[in-house]
$ cat entry_22.cif   # mmCIF, C-alpha atoms and all ligand atoms
data_upload
loop_
_atom_site.label_atom_id
_atom_site.label_comp_id
_atom_site.auth_asym_id
_atom_site.auth_seq_id
_atom_site.Cartn_x
_atom_site.Cartn_y
_atom_site.Cartn_z
CA MET A 167 17.04 11.32 -11.28
CA ASP A 168 14.55 14.19 -11.32
CA LEU A 169 11.15 12.49 -11.02
CA GLY A 170 9.47 15.51 -12.62
CA ILE A 171 6.65 15.70 -10.08
CA ALA A 172 7.74 18.63 -7.89
CA GLY A 173 4.69 20.76 -7.12
CA ARG A 174 2.24 17.91 -7.70
CA ARG A 175 -0.23 17.00 -4.94
CA ALA A 176 -0.68 13.49 -3.52
CA LEU A 177 -2.96 11.62 -1.13
CA VAL A 178 -1.12 8.82 0.65
CA CYS A 179 -3.43 6.65 2.79
CA ALA A 180 -2.43 4.76 5.94
CA ALA A 181 0.85 6.64 6.04
CA SER A 182 1.86 7.41 9.63
CA LYS A 183 4.10 4.32 9.71
CA GLY A 184 5.52 1.52 7.62
CA LEU A 185 5.17 1.26 3.86
CA GLY A 186 2.68 4.13 3.52
CA ARG A 187 5.08 6.41 5.34
CA GLY A 188 7.91 5.20 3.10
CA CYS A 189 5.86 6.26 0.06
CA ALA A 190 4.98 9.62 1.61
CA GLU A 191 8.64 10.32 2.43
CA ALA A 192 9.81 9.48 -1.10
CA LEU A 193 7.12 11.61 -2.74
CA ALA A 194 7.94 14.53 -0.42
CA ALA A 195 11.62 14.15 -1.31
CA ALA A 196 10.54 14.60 -4.95
CA GLY A 197 8.81 17.88 -4.02
CA VAL A 198 5.24 16.58 -3.87
CA GLU A 199 2.76 18.29 -1.53
CA LEU A 200 0.99 15.70 0.64
CA VAL A 201 -2.24 14.82 2.37
CA ILE A 202 -1.53 11.84 4.60
CA ASN A 203 -3.89 9.70 6.63
CA ALA A 204 -3.98 7.18 9.49
CA ARG A 205 -6.33 6.54 12.42
CA GLY A 206 -4.02 7.42 15.32
CA GLU A 207 -3.85 11.21 15.53
CA ALA A 208 -0.62 11.62 17.52
CA ALA A 209 1.61 9.42 15.36
CA LEU A 210 0.11 10.93 12.21
CA ALA A 211 0.77 14.50 13.37
CA GLU A 212 4.33 13.56 14.30
CA THR A 213 4.94 11.98 10.88
CA ALA A 214 3.43 14.94 9.04
CA ALA A 215 5.64 17.39 10.95
CA ALA A 216 8.77 15.29 10.39
CA ILE A 217 8.18 14.95 6.64
CA ALA A 218 7.32 18.63 6.21
CA ALA A 219 10.48 19.67 8.08
CA ALA A 220 12.76 17.24 6.23
CA HIS A 221 11.55 18.03 2.71
CA GLU A 222 10.08 21.55 2.93
CA VAL A 223 6.72 20.58 1.43
CA ALA A 224 3.21 21.13 2.81
CA VAL A 225 1.89 18.01 4.57
CA THR A 226 -1.75 17.91 5.73
CA PRO A 227 -2.61 15.10 8.18
CA VAL A 228 -6.19 13.78 8.33
CA ALA A 229 -6.84 11.34 11.17
CA ALA A 230 -9.55 8.93 10.01
CA ASP A 231 -10.28 5.28 9.33
CA ILE A 232 -9.88 5.08 5.56
CA THR A 233 -11.99 1.91 5.42
CA ASP A 234 -15.00 3.73 6.89
CA ALA A 235 -17.25 5.76 4.54
CA GLU A 236 -17.41 8.78 6.86
CA GLY A 237 -13.66 8.78 7.50
CA ARG A 238 -12.93 8.38 3.81
CA ALA A 239 -15.24 11.31 2.99
CA ARG A 240 -13.24 13.54 5.37
CA VAL A 241 -9.95 12.44 3.80
CA LEU A 242 -11.28 13.07 0.29
CA ALA A 243 -12.59 16.50 1.26
CA ALA A 244 -9.15 17.50 2.56
CA ALA A 245 -7.39 15.97 -0.43
CA GLY A 246 -9.37 17.84 -3.09
CA ALA A 247 -7.94 17.59 -6.61
CA VAL A 248 -4.87 15.39 -6.18
CA ASP A 249 -2.58 14.26 -9.01
CA ILE A 250 -1.29 11.17 -7.19
CA LEU A 251 -3.14 8.59 -5.08
CA VAL A 252 -1.43 5.90 -3.01
CA THR A 253 -3.99 3.51 -1.52
CA ASN A 254 -3.16 1.55 1.60
CA ALA A 255 -4.79 0.23 4.81
CA GLY A 256 -3.96 -2.27 7.50
CA GLY A 257 -3.85 -5.93 6.49
CA PRO A 258 -6.34 -8.56 7.70
CA PRO A 259 -5.50 -10.87 10.64
CA PRO A 260 -3.80 -14.23 10.02
CA GLY A 261 -5.55 -17.54 10.69
CA VAL A 262 -6.73 -20.77 9.12
CA TRP A 263 -9.27 -21.00 6.30
CA THR A 264 -11.85 -22.60 8.61
CA ASP A 265 -11.57 -19.67 11.08
CA TRP A 266 -13.29 -17.09 8.93
CA GLY A 267 -16.98 -16.39 8.58
CA ARG A 268 -18.89 -14.06 6.28
CA GLU A 269 -18.29 -11.00 8.52
CA ASP A 270 -14.51 -11.56 8.48
CA PHE A 271 -14.52 -11.75 4.68
CA LEU A 272 -16.68 -8.63 4.41
CA LEU A 273 -14.29 -6.66 6.65
CA ALA A 274 -11.26 -7.74 4.61
CA ILE A 275 -12.97 -7.03 1.30
CA GLU A 276 -14.09 -3.61 2.60
CA ALA A 277 -10.56 -2.68 3.74
CA ASN A 278 -8.35 -4.15 1.05
CA MET A 279 -10.58 -4.17 -2.03
CA LEU A 280 -13.61 -1.86 -1.84
CA THR A 281 -11.76 1.00 -0.08
CA PRO A 282 -9.06 1.40 -2.77
CA ILE A 283 -11.75 1.04 -5.45
CA ALA A 284 -13.84 3.79 -3.80
CA LEU A 285 -10.79 6.06 -3.59
CA MET A 286 -9.99 5.52 -7.26
CA GLN A 287 -13.61 6.13 -8.25
CA ALA A 288 -13.56 9.40 -6.31
CA LEU A 289 -10.21 10.75 -7.55
CA VAL A 290 -9.42 9.28 -10.97
CA PRO A 291 -12.18 11.14 -12.88
CA GLY A 292 -10.56 14.47 -11.88
CA MET A 293 -7.12 13.20 -12.94
CA MET A 294 -8.59 12.15 -16.30
CA ALA A 295 -10.22 15.53 -16.80
CA ARG A 296 -6.87 17.24 -16.09
CA GLY A 297 -5.03 14.79 -18.38
CA TRP A 298 -2.50 13.45 -15.86
CA GLY A 299 -2.56 11.19 -12.84
CA ARG A 300 -0.84 8.36 -11.01
CA VAL A 301 -2.37 5.69 -8.77
CA VAL A 302 -0.32 3.15 -6.84
CA ASN A 303 -2.11 0.52 -4.76
CA ILE A 304 -0.16 -1.19 -2.00
CA THR A 305 -1.31 -4.82 -2.20
CA SER A 306 0.78 -7.88 -1.25
CA GLN A 307 2.91 -10.74 -2.51
CA ALA A 308 -0.13 -12.82 -1.47
CA VAL A 309 -1.70 -11.81 -4.80
CA LYS A 310 0.91 -13.83 -6.73
CA ALA A 311 1.72 -16.54 -4.22
CA PRO A 312 -1.07 -17.18 -1.70
CA MET A 313 0.08 -17.28 1.92
CA ALA A 314 -1.72 -20.02 3.83
CA GLN A 315 -2.24 -18.00 7.02
CA LEU A 316 -3.38 -14.88 5.14
CA GLY A 317 -6.43 -16.24 3.34
CA LEU A 318 -8.41 -13.05 3.94
CA SER A 319 -5.65 -11.02 2.29
CA ASN A 320 -5.29 -13.52 -0.59
CA THR A 321 -9.02 -13.20 -1.27
CA ALA A 322 -9.60 -9.45 -0.98
CA ARG A 323 -6.43 -8.27 -2.72
CA THR A 324 -6.92 -10.58 -5.68
CA GLY A 325 -10.29 -8.92 -6.25
CA LEU A 326 -8.63 -5.49 -6.26
CA THR A 327 -6.00 -6.77 -8.70
CA GLY A 328 -8.72 -7.84 -11.12
CA PHE A 329 -10.38 -4.42 -10.90
CA VAL A 330 -7.09 -2.65 -11.60
CA ALA A 331 -6.27 -4.94 -14.53
CA GLY A 332 -9.43 -3.87 -16.33
CA THR A 333 -9.71 -0.27 -15.18
CA SER A 334 -6.09 0.75 -15.77
CA ARG A 335 -6.54 0.17 -19.52
CA GLN A 336 -9.68 2.32 -19.58
CA VAL A 337 -8.12 5.37 -17.89
CA ALA A 338 -4.69 5.20 -19.59
CA PRO A 339 -5.84 7.10 -22.71
CA HIS A 340 -6.40 10.10 -20.42
CA GLY A 341 -2.85 10.20 -19.03
CA VAL A 342 -3.65 8.32 -15.82
CA THR A 343 -1.71 5.19 -14.85
CA ILE A 344 -2.78 2.67 -12.21
CA ASN A 345 -0.30 0.07 -10.95
CA ASN A 346 0.06 -2.15 -7.90
CA LEU A 347 3.08 -2.62 -5.65
CA LEU A 348 3.31 -6.08 -4.09
CA PRO A 349 5.33 -6.03 -0.88
CA GLY A 350 7.10 -9.16 0.23
CA ILE A 351 8.25 -9.05 3.82
CA HIS A 352 9.34 -5.57 4.96
CA ALA A 353 10.62 -4.45 8.34
CA THR A 354 7.49 -2.76 9.73
CA LEU A 355 5.09 -3.22 12.64
CA ARG A 356 2.95 -5.48 10.42
CA ALA A 357 5.94 -7.80 9.97
CA ASP A 358 6.49 -7.75 13.75
CA ALA A 359 2.86 -8.78 14.27
CA LEU A 360 3.10 -11.65 11.75
CA ASP A 361 6.47 -12.81 13.11
CA GLY A 362 5.09 -12.56 16.66
CA ALA A 363 2.29 -14.99 15.75
CA VAL A 364 4.84 -17.39 14.21
CA ALA A 365 7.09 -17.11 17.29
CA ARG A 366 4.23 -17.91 19.67
CA ALA A 367 3.03 -20.86 17.59
CA ALA A 368 6.54 -22.36 17.26
CA ASN A 369 7.60 -21.39 20.79
CA ILE A 370 10.66 -19.49 19.54
CA SER A 371 11.85 -15.91 20.03
CA LEU A 372 10.81 -13.06 17.73
CA GLU A 373 14.44 -12.77 16.57
CA GLU A 374 14.50 -16.46 15.66
CA ALA A 375 11.22 -16.14 13.74
CA ARG A 376 12.67 -13.18 11.82
CA ALA A 377 15.92 -15.02 11.10
CA ARG A 378 14.05 -18.08 9.80
CA ARG A 379 11.90 -15.93 7.51
CA ALA A 380 14.89 -13.90 6.25
CA ALA A 381 16.69 -17.15 5.39
CA THR A 382 13.90 -17.98 2.89
CA ILE A 383 14.46 -14.73 0.94
CA PRO A 384 17.19 -14.66 -1.74
CA VAL A 385 18.55 -11.29 -0.48
CA ARG A 386 18.53 -12.78 3.09
CA ARG A 387 16.96 -9.74 4.71
CA TYR A 388 13.70 -7.82 5.01
CA GLY A 389 12.90 -4.90 2.71
CA THR A 390 12.82 -1.36 4.06
CA PRO A 391 10.07 1.26 3.84
CA ALA A 392 12.60 3.57 2.12
CA GLU A 393 13.23 1.05 -0.68
CA PHE A 394 9.49 0.54 -1.04
CA GLY A 395 8.85 4.29 -1.13
CA ALA A 396 11.47 4.83 -3.82
CA ALA A 397 9.73 2.32 -6.11
CA CYS A 398 6.40 4.00 -5.41
CA ALA A 399 7.78 7.45 -6.22
CA PHE A 400 9.21 6.15 -9.50
CA LEU A 401 5.81 4.74 -10.51
CA CYS A 402 4.37 8.18 -9.75
CA SER A 403 7.04 9.96 -11.80
CA VAL A 404 6.88 11.43 -15.29
CA HIS A 405 9.14 8.58 -16.41
CA ALA A 406 6.55 5.89 -15.65
CA GLY A 407 3.80 6.98 -18.04
CA PHE A 408 4.17 3.82 -20.15
CA ILE A 409 3.80 1.46 -17.16
CA VAL A 410 0.12 0.52 -16.99
CA GLY A 411 -1.76 -2.12 -15.00
CA GLN A 412 1.38 -3.81 -13.70
CA ASN A 413 1.96 -5.74 -10.47
CA LEU A 414 5.49 -5.07 -9.28
CA SER A 415 6.87 -7.49 -6.68
CA LEU A 416 9.20 -5.96 -4.10
CA ASP A 417 10.17 -9.15 -2.31
CA GLY A 418 13.92 -9.68 -2.45
CA GLY A 419 13.41 -12.47 -5.00
CA ALA A 420 11.08 -14.50 -2.78
CA PHE A 421 8.58 -15.24 -5.57
CA VAL A 422 10.28 -17.74 -7.84
CA ALA A 423 9.26 -17.57 -11.47
CA THR A 424 10.94 -17.07 -14.82
CA LEU A 425 8.45 -14.35 -15.77
P1 LIG A 501 2.21 -1.02 9.49
O1 LIG A 501 3.66 -0.83 9.68
O2 LIG A 501 1.41 -1.72 10.53
O3 LIG A 501 1.59 0.43 9.21
C1 LIG A 501 0.24 0.54 8.90
C2 LIG A 501 -0.11 2.01 8.73
O4 LIG A 501 -1.45 2.08 8.25
C3 LIG A 501 -0.06 2.81 10.01
O5 LIG A 501 0.28 4.14 9.71
C4 LIG A 501 -1.51 2.71 10.49
O6 LIG A 501 -1.80 3.76 11.39
C5 LIG A 501 -2.25 2.83 9.17
N1 LIG A 501 -3.58 2.22 9.13
C6 LIG A 501 -3.89 0.93 9.42
N2 LIG A 501 -5.20 0.73 9.25
C7 LIG A 501 -5.73 1.92 8.84
C8 LIG A 501 -7.04 2.35 8.52
N3 LIG A 501 -8.09 1.52 8.60
N4 LIG A 501 -7.23 3.64 8.13
C9 LIG A 501 -6.19 4.48 8.05
N5 LIG A 501 -4.92 4.14 8.35
C10 LIG A 501 -4.70 2.86 8.75
O7 LIG A 501 1.90 -1.86 8.14
P2 LIG A 501 2.78 -1.98 6.81
O8 LIG A 501 3.76 -3.06 6.98
O9 LIG A 501 3.22 -0.64 6.38
O10 LIG A 501 1.68 -2.58 5.80
C11 LIG A 501 0.95 -1.77 4.92
C12 LIG A 501 0.09 -2.70 4.06
O11 LIG A 501 0.95 -3.57 3.32
C13 LIG A 501 -0.85 -3.59 4.88
O12 LIG A 501 -2.05 -3.77 4.20
C14 LIG A 501 -0.09 -4.91 4.93
O13 LIG A 501 -0.93 -6.02 5.11
C15 LIG A 501 0.56 -4.91 3.55
N6 LIG A 501 1.74 -5.78 3.51
C16 LIG A 501 2.80 -5.57 4.33
C17 LIG A 501 3.90 -6.43 4.28
C18 LIG A 501 5.08 -6.25 5.19
O14 LIG A 501 5.95 -7.12 5.20
N7 LIG A 501 5.20 -5.18 5.92
C19 LIG A 501 3.89 -7.49 3.37
C20 LIG A 501 2.80 -7.67 2.53
C21 LIG A 501 1.72 -6.81 2.61
P3 LIG A 501 -3.04 3.63 12.45
O15 LIG A 501 -2.94 2.26 13.05
O16 LIG A 501 -2.83 4.74 13.40
O17 LIG A 501 -4.28 3.80 11.64
#

$ encode --input "entry_22.cif" --output "structure tokens"
Amino acid sequence: MDLGIAGRRALVCAASKGLGRGCAEALAAAGVELVINARGEAALAETAAAIAAAHEVAVTPVAADITDAEGRARVLAAAGAVDILVTNAGGPPPGVWTDWGREDFLLAIEANMLTPIALMQALVPGMMARGWGRVVNITSQAVKAPMAQLGLSNTARTGLTGFVAGTSRQVAPHGVTINNLLPGIHATLRADALDGAVARAANISLEEARARRAATIPVRRYGTPAEFGAACAFLCSVHAGFIVGQNLSLDGGAFVATL
């Protein structure tokens, strides 16, 4: 399927690895010019070069912490007038609800709620003025089904989801769609970190922790960044203009509900 977005320009945040990289790869494959971001300069430069070579599109890397106002300003300056925004950042640490104090909540809310909101507030007005735009926020399955050990994520991402629910309906008349992608477990470094914590707590190997988690998923495996990226690229396509304010679970059937 031709996604109809060749020649468009996108900012994909937190994209040197994992799900963000999956989204960047899929958009580049559709002919989209990219600005990509992550904190670690070397991995980001490597990813940018690999994507540019594979898909023959311009890829500009900007090494910065997207959750920090100064870093975000540098990313936005390099991005300029983008047509597509994919928001993403690292997830908060796991723990128990009694572990977290005010500072922990503020950090999580800054990273996983206020940062995507700030990015949308900076870039969506330009999309509206030009009459076309796509925003995809990478959130989490924790928004639909809270995960006990990820209380910081449950809290911050639900706030973002509420913002998107209201805002997406206000910008849609101007040709801009905002939707959220909710990853279930995907084979990335983040999954390794979460499985590592489970393995240590249960005194089992990392492989055993992975196998136990995979057994709870109807498809019996982890998702891949490529599958995730393909869904993101579709939501950014010309074909997705009637999809507004939705929360799409990519979880192999893990969330059990009729609707
Ligand atoms: P990942 O494999 O660890 O990759 C994270 C990427 O984000 C890296 O490129 C990292 O590069 C970059 N990054 C992290 N913090 C950043 C920051 N403050 N500023 C800029 N770039 C940053 O993680 P992932 O699995 O792709 O997860 C992406 C998001 O989805 C996270 O919020 C995660 O919690 C959420 N999620 C993931 C899963 C899963 O199963 N994988 C499930 C549910 C939700 P640097 O470290 O160099 O900055």

$ residues_near_ligand --input "entry_22.cif" --ligand "ligand LIG 501 (chain A)" --cutoff "8 Å" --atoms "all atoms listed in the file" --output "PyMOL selection string"
chain A and resi 179-187+203-207+209-210+229-234+254-258+277-278+304-308+319+348-357+388-389+391

$ residues_around --input "entry_22.cif" --residues "Gly197 of chain A" --least-positions-apart "5" --cutoff "8 Å" --atoms "all atoms listed in the file" --output "PyMOL selection string"
chain A and resi 171-174+221-223

$ atom_distance --input "entry_22.cif" --atom1 "atom CA of Ala295 of chain A" --atom2 "atom CA of Gly407 of chain A"
16.5 Å

$ closest_residue --input "entry_22.cif" --among "A:Thr321, A:Pro260, A:Arg175, A:Phe421" --to "Asp361 of chain A" --atoms "only C-alpha atoms"
A:Pro260

$ atom_distance --input "entry_22.cif" --atom1 "atom CA of Thr324 of chain A" --atom2 "atom CA of Ala377 of chain A"
28.7 Å

$ closest_residue --input "entry_22.cif" --among "A:Gly261, A:Pro227, A:Leu318, A:Ala195" --to "Ala367 of chain A" --atoms "all atoms listed in the file"
A:Gly261

$ atom_distance --input "entry_22.cif" --atom1 "atom CA of Gly299 of chain A" --atom2 "atom CA of Ser415 of chain A"
21.8 Å

$ closest_residue --input "entry_22.cif" --among "A:Met279, A:Ala423, A:Leu193, A:Ala365" --to "Ala311 of chain A" --atoms "only C-alpha atoms"
A:Ala423

$ decode --input "entry_22.cif" --residues "segment 192-206 of chain A" --atoms "C-alpha atoms" --output "tab-separated table (two decimals), in the first residue's frame"
chain	number	residue	atom	x	y	z
A	192	ALA	CA	8.75	2.56	8.72
A	193	LEU	CA	8.26	6.26	7.99
A	194	ALA	CA	11.56	6.37	6.08
A	195	ALA	CA	10.45	3.33	4.07
A	196	ALA	CA	7.38	5.39	3.10
A	197	GLY	CA	9.66	8.17	1.81
A	198	VAL	CA	9.40	10.51	4.81
A	199	GLU	CA	12.33	12.81	5.61
A	200	LEU	CA	13.28	12.49	9.29
A	201	VAL	CA	14.61	14.34	12.29
A	202	ILE	CA	15.36	11.73	14.95
A	203	ASN	CA	16.40	12.17	18.56
A	204	ALA	CA	17.94	10.30	21.50
A	205	ARG	CA	20.41	11.21	24.24
A	206	GLY	CA	23.33	8.95	23.28
